[in-house]
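So this block is structure-v5.txt, compact mmCIF, N, CA and C atoms:
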# COMPACT_ATOMS: atom_id res chain seq x y z
N MET T 4 -19.45 14.86 4.74
CA MET T 4 -19.28 13.70 5.59
C MET T 4 -18.81 12.49 4.78
N GLU T 5 -19.36 12.32 3.57
CA GLU T 5 -18.99 11.17 2.76
C GLU T 5 -17.53 11.20 2.36
N TYR T 6 -17.01 12.39 2.09
CA TYR T 6 -15.61 12.50 1.69
C TYR T 6 -14.68 12.12 2.83
N GLY T 7 -15.09 12.42 4.04
CA GLY T 7 -14.29 12.05 5.20
C GLY T 7 -14.20 10.54 5.37
N ILE T 8 -15.31 9.84 5.13
CA ILE T 8 -15.32 8.38 5.23
C ILE T 8 -14.48 7.77 4.13
N VAL T 9 -14.60 8.30 2.91
CA VAL T 9 -13.80 7.79 1.79
C VAL T 9 -12.31 8.04 2.06
N GLY T 10 -11.98 9.20 2.56
CA GLY T 10 -10.59 9.51 2.89
C GLY T 10 -10.03 8.59 3.96
N LEU T 11 -10.85 8.28 4.96
CA LEU T 11 -10.43 7.37 6.01
C LEU T 11 -10.20 5.97 5.46
N LEU T 12 -11.07 5.50 4.59
CA LEU T 12 -10.90 4.19 3.97
C LEU T 12 -9.63 4.13 3.13
N ILE T 13 -9.36 5.18 2.38
CA ILE T 13 -8.13 5.23 1.57
C ILE T 13 -6.90 5.21 2.48
N LEU T 14 -6.96 5.95 3.58
CA LEU T 14 -5.85 5.96 4.53
C LEU T 14 -5.62 4.56 5.11
N ILE T 15 -6.68 3.87 5.46
CA ILE T 15 -6.56 2.53 6.04
C ILE T 15 -5.94 1.56 5.04
N VAL T 16 -6.42 1.54 3.79
CA VAL T 16 -5.87 0.59 2.83
C VAL T 16 -4.44 0.96 2.45
N ASP T 17 -4.11 2.24 2.44
CA ASP T 17 -2.73 2.63 2.13
C ASP T 17 -1.78 2.22 3.25
N VAL T 18 -2.19 2.39 4.49
CA VAL T 18 -1.35 1.95 5.62
C VAL T 18 -1.18 0.43 5.56
N TYR T 19 -2.24 -0.30 5.25
CA TYR T 19 -2.15 -1.75 5.11
C TYR T 19 -1.15 -2.12 4.01
N ALA T 20 -1.24 -1.44 2.86
CA ALA T 20 -0.34 -1.74 1.75
C ALA T 20 1.11 -1.45 2.12
N ILE T 21 1.36 -0.35 2.81
CA ILE T 21 2.72 0.00 3.21
C ILE T 21 3.27 -1.03 4.19
N ILE T 22 2.46 -1.49 5.12
CA ILE T 22 2.90 -2.52 6.07
C ILE T 22 3.24 -3.80 5.32
N GLN T 23 2.44 -4.17 4.35
CA GLN T 23 2.69 -5.38 3.57
C GLN T 23 3.96 -5.24 2.74
N VAL T 24 4.19 -4.07 2.18
CA VAL T 24 5.41 -3.83 1.40
C VAL T 24 6.64 -3.95 2.30
N LEU T 25 6.59 -3.34 3.45
CA LEU T 25 7.73 -3.38 4.35
C LEU T 25 8.00 -4.79 4.87
N GLY T 26 6.99 -5.63 4.92
CA GLY T 26 7.17 -7.00 5.37
C GLY T 26 7.50 -7.97 4.26
N SER T 27 7.59 -7.49 3.03
CA SER T 27 7.87 -8.37 1.90
C SER T 27 9.35 -8.69 1.83
N GLY T 28 9.69 -9.62 0.97
CA GLY T 28 11.08 -10.02 0.82
C GLY T 28 11.82 -9.23 -0.25
N SER T 29 11.27 -8.14 -0.69
CA SER T 29 11.90 -7.33 -1.74
C SER T 29 13.12 -6.60 -1.21
N SER T 30 13.91 -6.08 -2.15
CA SER T 30 15.08 -5.30 -1.76
C SER T 30 14.65 -3.97 -1.15
N THR T 31 15.57 -3.33 -0.47
CA THR T 31 15.28 -2.07 0.18
C THR T 31 14.88 -1.00 -0.84
N GLY T 32 15.55 -0.97 -1.97
CA GLY T 32 15.22 0.01 -3.00
C GLY T 32 13.83 -0.19 -3.56
N ALA T 33 13.45 -1.44 -3.78
CA ALA T 33 12.10 -1.73 -4.28
C ALA T 33 11.04 -1.34 -3.25
N LYS T 34 11.33 -1.62 -1.99
CA LYS T 34 10.39 -1.24 -0.93
C LYS T 34 10.21 0.27 -0.89
N LEU T 35 11.32 0.99 -1.01
CA LEU T 35 11.27 2.45 -0.98
C LEU T 35 10.43 2.98 -2.14
N LEU T 36 10.63 2.44 -3.32
CA LEU T 36 9.85 2.89 -4.48
C LEU T 36 8.36 2.59 -4.32
N TRP T 37 8.03 1.40 -3.81
CA TRP T 37 6.62 1.07 -3.59
C TRP T 37 5.98 2.00 -2.56
N VAL T 38 6.68 2.24 -1.47
CA VAL T 38 6.13 3.11 -0.43
C VAL T 38 5.93 4.53 -0.96
N LEU T 39 6.91 5.04 -1.68
CA LEU T 39 6.77 6.38 -2.27
C LEU T 39 5.61 6.44 -3.26
N GLY T 40 5.47 5.40 -4.07
CA GLY T 40 4.36 5.37 -5.02
C GLY T 40 3.01 5.36 -4.33
N ILE T 41 2.90 4.62 -3.25
CA ILE T 41 1.64 4.56 -2.51
C ILE T 41 1.37 5.89 -1.81
N LEU T 42 2.41 6.54 -1.29
CA LEU T 42 2.21 7.81 -0.60
C LEU T 42 1.90 8.96 -1.55
N ILE T 43 2.55 8.98 -2.72
CA ILE T 43 2.36 10.08 -3.67
C ILE T 43 1.03 9.93 -4.42
N PHE T 44 0.68 8.70 -4.78
CA PHE T 44 -0.57 8.43 -5.50
C PHE T 44 -1.41 7.45 -4.68
N PRO T 45 -2.12 7.91 -3.67
CA PRO T 45 -2.76 6.99 -2.73
C PRO T 45 -3.71 5.98 -3.37
N VAL T 46 -4.59 6.40 -4.22
CA VAL T 46 -5.58 5.47 -4.79
C VAL T 46 -4.94 4.63 -5.89
N VAL T 47 -4.30 5.27 -6.83
CA VAL T 47 -3.67 4.55 -7.94
C VAL T 47 -2.53 3.68 -7.43
N GLY T 48 -1.75 4.20 -6.49
CA GLY T 48 -0.64 3.43 -5.93
C GLY T 48 -1.12 2.16 -5.25
N PHE T 49 -2.24 2.25 -4.52
CA PHE T 49 -2.79 1.06 -3.87
C PHE T 49 -3.27 0.04 -4.90
N ILE T 50 -3.94 0.50 -5.93
CA ILE T 50 -4.45 -0.41 -6.96
C ILE T 50 -3.31 -1.10 -7.68
N VAL T 51 -2.28 -0.35 -8.03
CA VAL T 51 -1.12 -0.94 -8.71
C VAL T 51 -0.42 -1.93 -7.78
N TRP T 52 -0.28 -1.56 -6.50
CA TRP T 52 0.33 -2.49 -5.54
C TRP T 52 -0.50 -3.76 -5.41
N LEU T 53 -1.80 -3.62 -5.39
CA LEU T 53 -2.69 -4.77 -5.26
C LEU T 53 -2.54 -5.71 -6.44
N LEU T 54 -2.35 -5.17 -7.63
CA LEU T 54 -2.23 -5.99 -8.84
C LEU T 54 -0.82 -6.52 -9.07
N ALA T 55 0.21 -5.72 -8.76
CA ALA T 55 1.56 -6.09 -9.16
C ALA T 55 2.61 -5.94 -8.07
N GLY T 56 2.20 -5.62 -6.87
CA GLY T 56 3.17 -5.34 -5.82
C GLY T 56 3.87 -6.57 -5.30
N PRO T 57 4.92 -6.35 -4.52
CA PRO T 57 5.67 -7.48 -3.95
C PRO T 57 4.79 -8.23 -2.96
N LYS T 58 4.91 -9.53 -3.00
CA LYS T 58 4.11 -10.37 -2.11
C LYS T 58 4.87 -10.55 -0.79
N SER T 59 4.12 -10.85 0.26
CA SER T 59 4.77 -11.08 1.55
C SER T 59 5.58 -12.37 1.49
N SER T 60 6.47 -12.52 2.43
CA SER T 60 7.38 -13.67 2.41
C SER T 60 6.62 -14.98 2.58
N GLY T 61 5.46 -14.95 3.20
CA GLY T 61 4.66 -16.14 3.35
C GLY T 61 5.16 -17.12 4.39
N LYS T 62 6.20 -16.75 5.11
CA LYS T 62 6.76 -17.63 6.14
C LYS T 62 6.05 -17.38 7.46
N LEU T 63 5.69 -18.44 8.10
CA LEU T 63 5.10 -18.33 9.43
C LEU T 63 6.11 -18.86 10.44
N ALA T 64 6.21 -18.19 11.54
CA ALA T 64 7.19 -18.58 12.56
C ALA T 64 6.77 -19.83 13.28

Let me see whether you can do it: turn the structure in this file into C-alpha cells.
Amino acid sequence: MEYGIVGLLILIVDVYAIIQVLGSGSSTGAKLLWVLGILIFPVVGFIVWLLAGPKSSGKLA
C-alpha cells in the first residue's frame, strides 16, 4: 500500500513539473529535453528540474 501512495505522489509532482516546463519561456528543444528527462528518470528528473529547470514566464494576464 505504501508503494502505491509513493508512486502516486511521484506521478503528481512529475505531471506538475511537466506542466511547468511546457509553460516556461524556454525553446522547444529545451522543453523536449526537460520533459524526456522527467519521464525517463521520474525522481531524479524532478529533483534536477526543481533545482535547475526553466522557470515559468512569470507573466500574468

Shell around Gly40 of chain T at 7 Å using only N, CA and C atoms, local window under 6 positions removed, as a VMD selection string: chain T and resid 47 to 49

Please produce a file of the residues just selected, as a PDB file, in the coordinates of the input, where the atoms kept are N, CA and C atoms.
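Saved file selection02.pdb follows:
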ATOM      1  N   VAL T  47      -4.300   5.270  -6.830  1.00  0.00           N
ATOM      2  CA  VAL T  47      -3.670   4.550  -7.940  1.00  0.00           C
ATOM      3  C   VAL T  47      -2.530   3.680  -7.430  1.00  0.00           C
ATOM      4  N   GLY T  48      -1.750   4.200  -6.490  1.00  0.00           N
ATOM      5  CA  GLY T  48      -0.640   3.430  -5.930  1.00  0.00           C
ATOM      6  C   GLY T  48      -1.120   2.160  -5.250  1.00  0.00           C
ATOM      7  N   PHE T  49      -2.240   2.250  -4.520  1.00  0.00           N
ATOM      8  CA  PHE T  49      -2.790   1.060  -3.870  1.00  0.00           C
ATOM      9  C   PHE T  49      -3.270   0.040  -4.900  1.00  0.00           C
TER      10      PHE T  49
END

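Among the candidates T:Thr31, T:Leu25, T:Lys58, T:Leu14, the one nearest to Phe44 of chain T when counting only C-alpha atoms is T:Leu14.
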
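Atom CA of Pro57 of chain T to atom N of Ser29 of chain T spans 6.5 Å [interatomic distance, one decimal].
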
Shell of 8 Å around Val38 of chain T, only N, CA and C atoms, local chain residues under 4 positions omitted, as an NGL selection string: :T and (20-21 or 24-25 or 32-34 or 42-44)

In chain T, DSSP helix (DSSP H, G or I) residues written as a ChimeraX atom specification: /T:5-25,31-43,45-55

Å distance separating atom CA of Ile13 of chain T from atom N of Gly26 of chain T, one decimal place: 18.9 Å

Would you compute an axis-aligned box for segment 28-44 of chain T, covering every atom listed for it in the file with 5 Å of margin on each side, and report centre and edge lengths in Å to one decimal as JSON?
{"center_x": 7.1, "center_y": 0.0, "center_z": -2.3, "size_x": 27.0, "size_y": 30.1, "size_z": 16.5}

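The two atoms in question, atom C of Val9 of chain T and atom C of Ser27 of chain T, are spaced 27.4 Å apart.
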